[in-house]
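Notes follow once the structure below has been shown.
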Amino acid sequence: MFPNHRRDIVFPIAGSVLLFGILVGAGLIYTAVQSGGAADKLITAMLIDAIMVVGLQIYIGNTGVFSFGHVGFGAIAGYTFALFAIDPVDKLTRIPNAPFGLVDVSVGAFMATVIAVLVTVAFAVVIGVGLARSGARSGAVAATVITLALLFVTHEVARGWVDVTGGDRAGLTFGIGETLPSRMPVYLVLLAAIVIARLFAQSRSGRLAKASRDDDLAARAMGVNPTVQQLAALLISVAVVAAAASLRVYEVGSILPGLFFFDYTLLTLVMLVVGGRNSVTGAMLGVGVITAGRELSRRLGSEGFEAFGIGLDEVPLDWIFREGLPRVFLGLAMIGFMIWRSDGLIADWELDNWLFRRFRSKESTPDVVALMDLDDDAAAELRAADVTVDFGGFRALNGASITASSHEIVGLIGPNGAGKTTLVNVITGMVEPTSGEVTMTGTDLTAAPSHTIARAGLVRTFQNLRLFPSLTVRENVEVPYLVAERSINRSDDKSRPSVDELVAAAGLWEYRDRRASALDYGNSRRLELARAAALQPSFLLLDEPTSGMSDTESLEMIAQVRHMAGIVGAGVLVIDHDLAFITGICDRIYCLDQGAVIAVGTPAEVQADPGVRAAYLGTNAPA
Amino acid sequence: MTELIQNVIDGLGRGSIYSLLALGIAVIFGVMHLLNFAHGELITVSGYAAYWAFSSGWSWYLVAPMVVVVSVLTSLLIERIAFSRVRGASDFTLVLTSFGIHFFVSAVFVMYVGARVKTFSEPGWVFDTISIGSINVEIFDLVVIGVTAIALLATVAILQKTMFGLALRASAADFDAARLMGINSDRVIRGAFALSGALAGIAAIFWLMRAGSTAPSSGIDPMLKGVLAALIGGLGSMRGAVIGGLSLGLAEVLLRSQLPGTAAALTDGVVFGLIALLFIFRPQGLVSVAHAERV
């Protein structure tokens, strides 16, 4: 569940406590300086907002799916909490006609919170399945719409179902003196929420979710099924949001439809993005900054500089110090940050990660890993038989068949448009063939989902490099490693190389903590190879691994590919234009032309084939 | 039967306004992949402009064209100040920018005009009906449907017959390719915002005639309906936006007339629920826009 005990459990918990301490400490200092009920209320509200924002961060930060709906979940939780927690006497005056005997129910605030969380999570399961059905991924519009619809459905129900919710005017209200008695529950829930958020981000689930946030297609090609991780993130985040909403209703002492609608959506989203939505530390920073800014603008708006005892009456600032300033502030903060710093103040910097890197003992470079011995019985066989693909009226592949064993390195060449990449896309499940089948050692993989194919032992790289840009080099390799750990049972995995060994074998040890987006081109290619190898595949499918490389680099790549394939015991199927590379590395070569195989054999045989020469040089070239 | 026909006409009238809003949203989505949550603010700004004009004694015949002009200028201004700075940013950034603008504009009105609702009088004929046989039809609905039809035809003419329309459609199909073909992206995007503003301005006239008032939060409702209609139709598809708007209007009116007493108050909730279901089973909307990613 957690790849590294110290990095993923000990430090995140310690960091969470520290983060909690800083936020609460800042609040306590403020209330000490600004004594009075208003300051107390402000800080309580801030801490509750913080829980809400942590809840949002768990989903939006880890999955990249933009949700308007979390405040809608808040509304569901808020009303559930109010219905179960408010004294029957007080309910009788507002909602005497409530069905299901709701008027007489009263279970106390704690139990009501538990019920609210359970009910809301049940709703989240339904919504989550719907989101998965719609193909939610980072930047997907459908997901945003579904969550937006949720927000409006809850709002409309809250306004329209007057018998239960009290509607727009009455609402539900606690009796006098029956609201949140002390701040202790807020502290406990906030601490728990931060710890949960950090642990989730470091867990297997969180790491896989972040991989598909960064690049959905590449994550699937590494065997990640993003829907599972997204559902996990959704349920955890909704549970946190529901607890926050219950506390908010309890603290305010009443609930109306407007309590969890657009205004609160804006407030919590601004808090989330100002600090950095991809980091819990950033979310907390945003809560602090926005609470301070909003309070400052509120006081300036109502009293001007006199709020701070500065007499600047002669300066004409009436036009800016007015009622409504806090909303202008929130709107401007949102627009400004989106324009100038859309990743937030600290982007994805995380306090405990930083502490871990500072305080870990020195790491030594892992030893070189031995090549894996393969006995012949364990060889896997990849077979694509009679594959035809039509794109509209264009036949990209016309009955192409190839086979490869995991003991060999097989090349696929052919002029531009011959159908090489299409064939790899068919084999890896990204293009559905019009006819034909793909099998591996007898298992049918034709048109199976990409992640199933990857887990079956076929992993690909991409022509146009698709790393997980915001993850570090090591984290990039960790993603398929975590998938392999659970999903792949190969008989020969006793000696499988560790993440660190793979990083070192790719020659990237010194860059291990660097973001993938900061690597140069050659190193990015090497990382993509190491990442593919980490899935422990039977076959590596390399789509133009040397494109954009110099001659020397591509010759070095021969050794790289051989070594990587060797230490995980995988066969290789490689497409490339670079003939020196292909003939230098391959045991056998298939040549495709116009969607069909026109020659197969050793590099020398294929090079001598007249049909191949004709395909490359034109039909009239002398044989 | 009579009632059904009346409802259908009522629904088409409503849906026409949604179509105009949705089309404006679809045009912008096409050129810059922006789901514009600030679109409703054009109605808010238009509403205050109309209020100011009525206070100065203008009649509806002068206010109507003025509203369209104000809407176009506001649309261009918002593009200039905010959206031009986030071109090509992630979807996340774009959506939140428009969301921020939505709040900023309404907050500015709270600050300088006040949170209270400002009312003005609708033109006298808005609630008049005429009878065709046994069917009573609101004149307003007929006017809305007629004007919308003209506006849509004009839009089609612009898109099909002018160089700008060609550039806009090309950019919507593939923005980068269009740029490489020498299309001036600045001009296309500004043109898209102007067109979107004009369509919103026409919608604003009818919206304000019906509402007879404006408030800082007036933009939420039209924004929502427009966004949802555009989404129902399949974002980026202009034909889809019109279909989506009409479907939304019809669905609302028919549901309201069919749902039993208390549930009728929940019409909007039911409509939103149906939309969520639509997206779960058909994430690309009614009219899908093909798009492929090379791997």
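Going by the structure tokens order, chains are called A, B, ..., each with residues numbered from 1, while ligands are numbered from 1 in the order shown.
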Legend entry - alpha helix (DSSP H) call set, DSSP backbone run, segment 359-546 of chain A, as a VMD selection string: chain A and resid 359 420 to 427 450 to 455 473 to 487 499 to 505 521 to 533
Inset, instruction - Determine, counting only C-alpha atoms, which protein, DNA and RNA residues have an atom within 12 Å of an atom of segment 155-164 of chain B; residues of the same chain fewer than 3 positions away are not included. Present the result as a ChimeraX atom specification. - result: /B:20,23-24,27,148-152,167-172,183-192,194-196,198-199,238-239,242
Output file for the selection above: N, CA and C atoms, as a compact mmCIF listing (two decimals), in the first residue's frame:
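Saved file result_10.txt follows:
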```
# COMPACT_ATOMS: atom_id res chain seq x y z
N LEU B 20 -29.76 31.08 -27.98
CA LEU B 20 -28.89 32.23 -28.25
C LEU B 20 -27.71 32.25 -27.28
N LEU B 23 -25.39 29.23 -28.01
CA LEU B 23 -24.60 29.40 -29.23
C LEU B 23 -23.39 30.29 -28.95
N GLY B 24 -23.61 31.36 -28.16
CA GLY B 24 -22.49 32.24 -27.79
C GLY B 24 -21.42 31.47 -27.02
N VAL B 27 -19.57 29.08 -29.49
CA VAL B 27 -18.64 29.77 -30.39
C VAL B 27 -17.30 29.99 -29.68
N THR B 148 -35.25 35.11 -32.83
CA THR B 148 -34.19 34.12 -32.71
C THR B 148 -33.91 33.46 -34.06
N ALA B 149 -34.98 33.13 -34.77
CA ALA B 149 -34.79 32.51 -36.08
C ALA B 149 -33.97 33.44 -36.99
N ILE B 150 -34.32 34.73 -36.96
CA ILE B 150 -33.57 35.68 -37.79
C ILE B 150 -32.10 35.75 -37.34
N ALA B 151 -31.91 35.82 -36.02
CA ALA B 151 -30.54 35.91 -35.50
C ALA B 151 -29.73 34.67 -35.87
N LEU B 152 -30.37 33.51 -35.79
CA LEU B 152 -29.66 32.28 -36.14
C LEU B 152 -29.32 32.25 -37.63
N ALA B 167 -12.87 31.40 -41.18
CA ALA B 167 -11.75 31.35 -40.24
C ALA B 167 -12.21 30.81 -38.89
N LEU B 168 -13.39 31.24 -38.48
CA LEU B 168 -13.90 30.81 -37.19
C LEU B 168 -14.18 29.31 -37.18
N ARG B 169 -14.81 28.84 -38.25
CA ARG B 169 -15.11 27.40 -38.30
C ARG B 169 -13.82 26.59 -38.38
N ALA B 170 -12.87 27.09 -39.16
CA ALA B 170 -11.58 26.39 -39.26
C ALA B 170 -10.91 26.33 -37.90
N SER B 171 -10.94 27.46 -37.19
CA SER B 171 -10.29 27.50 -35.87
C SER B 171 -10.98 26.57 -34.90
N ALA B 172 -12.29 26.48 -35.02
CA ALA B 172 -13.02 25.60 -34.11
C ALA B 172 -12.68 24.14 -34.39
N ILE B 183 -4.29 32.05 -40.45
CA ILE B 183 -5.43 32.77 -39.89
C ILE B 183 -4.98 33.56 -38.67
N ASN B 184 -5.42 34.80 -38.62
CA ASN B 184 -5.03 35.68 -37.52
C ASN B 184 -5.84 35.31 -36.28
N SER B 185 -5.17 34.64 -35.34
CA SER B 185 -5.92 34.08 -34.22
C SER B 185 -6.49 35.18 -33.34
N ASP B 186 -5.77 36.28 -33.18
CA ASP B 186 -6.28 37.40 -32.38
C ASP B 186 -7.64 37.84 -32.90
N ARG B 187 -7.67 38.01 -34.22
CA ARG B 187 -8.88 38.56 -34.81
C ARG B 187 -10.03 37.55 -34.71
N VAL B 188 -9.72 36.28 -34.91
CA VAL B 188 -10.78 35.27 -34.82
C VAL B 188 -11.36 35.23 -33.42
N ILE B 189 -10.46 35.25 -32.43
CA ILE B 189 -10.95 35.15 -31.06
C ILE B 189 -11.76 36.39 -30.69
N ARG B 190 -11.26 37.56 -31.08
CA ARG B 190 -12.03 38.77 -30.77
C ARG B 190 -13.37 38.74 -31.49
N GLY B 191 -13.34 38.27 -32.74
CA GLY B 191 -14.59 38.16 -33.50
C GLY B 191 -15.57 37.21 -32.82
N ALA B 192 -15.02 36.10 -32.29
CA ALA B 192 -15.87 35.13 -31.61
C ALA B 192 -16.52 35.77 -30.38
N ALA B 194 -17.10 38.95 -29.96
CA ALA B 194 -18.08 39.93 -30.41
C ALA B 194 -19.38 39.25 -30.82
N LEU B 195 -19.25 38.17 -31.59
CA LEU B 195 -20.45 37.43 -32.03
C LEU B 195 -21.21 36.89 -30.82
N SER B 196 -20.43 36.31 -29.90
CA SER B 196 -21.03 35.75 -28.70
C SER B 196 -21.74 36.85 -27.90
N ALA B 198 -23.00 39.64 -29.13
CA ALA B 198 -24.19 40.09 -29.85
C ALA B 198 -25.36 39.13 -29.60
N LEU B 199 -25.07 37.83 -29.68
CA LEU B 199 -26.12 36.84 -29.42
C LEU B 199 -26.65 36.97 -27.99
N MET B 238 -22.07 24.03 -32.99
CA MET B 238 -22.99 25.17 -32.98
C MET B 238 -24.42 24.72 -33.25
N ARG B 239 -24.56 23.72 -34.13
CA ARG B 239 -25.87 23.16 -34.35
C ARG B 239 -26.38 22.54 -33.04
N VAL B 242 -27.88 24.99 -30.51
CA VAL B 242 -29.26 25.41 -30.79
C VAL B 242 -30.23 24.29 -30.39
```
Legend entry - Residue list for chain A near chain B as a ChimeraX atom specification, 6 Å, only C-alpha atoms: /A:130,133-134,139,142,146,149,153,156,160,323-324,327-328,331,334-335,338-339
Inset, instruction - Considering only C-alpha atoms, return as a PyMOL selection string whatever protein or nucleic-acid residues lie within 7 Å of segment 207-212 of chain B, sequence-local ones (same chain, fewer than 2 positions apart) excluded. - result: chain B and resi 47+119-123+203-205
Legend entry - Residues within 9 Å of segment 552-555 of chain A, only C-alpha atoms, excluding chain neighbours under 6 positions, as a ChimeraX atom specification: /A:522,545-546,578,580-581,584
Inset, instruction - Determine, counting only C-alpha atoms, which protein, DNA and RNA residues have an atom within 9 Å of an atom of segment 383-399 of chain A; residues of the same chain fewer than 4 positions away are not included. Present the result as JSON, numbers by chain. - result: {"A": [403, 404, 405, 417, 418, 419, 420, 422, 423, 426, 427, 431, 432, 433, 434, 435, 436, 437, 438, 439, 440, 441, 442, 446, 594, 595, 596, 597]}
Inset, instruction - Excluding segment 600-603 of chain A and any residue of its chain fewer than 3 positions from it, enumerate the residues within 8 Å of it, using only C-alpha atoms, and give them as JSON, numbers by chain. - result: {"A": [583, 586, 587, 588, 589, 590, 591, 597, 606, 607]}
Inset, instruction - Go through B:Ile202, B:Asp174, B:Val67, B:Gln258 one by one, measure the shortest atom-to-atom distance of each to His33 of chain B using only C-alpha atoms, and give the residue with the smallest value. - result: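 So, comparing all the options, the nearest one is B:Asp174.
Of note, atom CA of Gly40 of chain B and atom CA of Val144 of chain B are spaced 18.6 Å apart.
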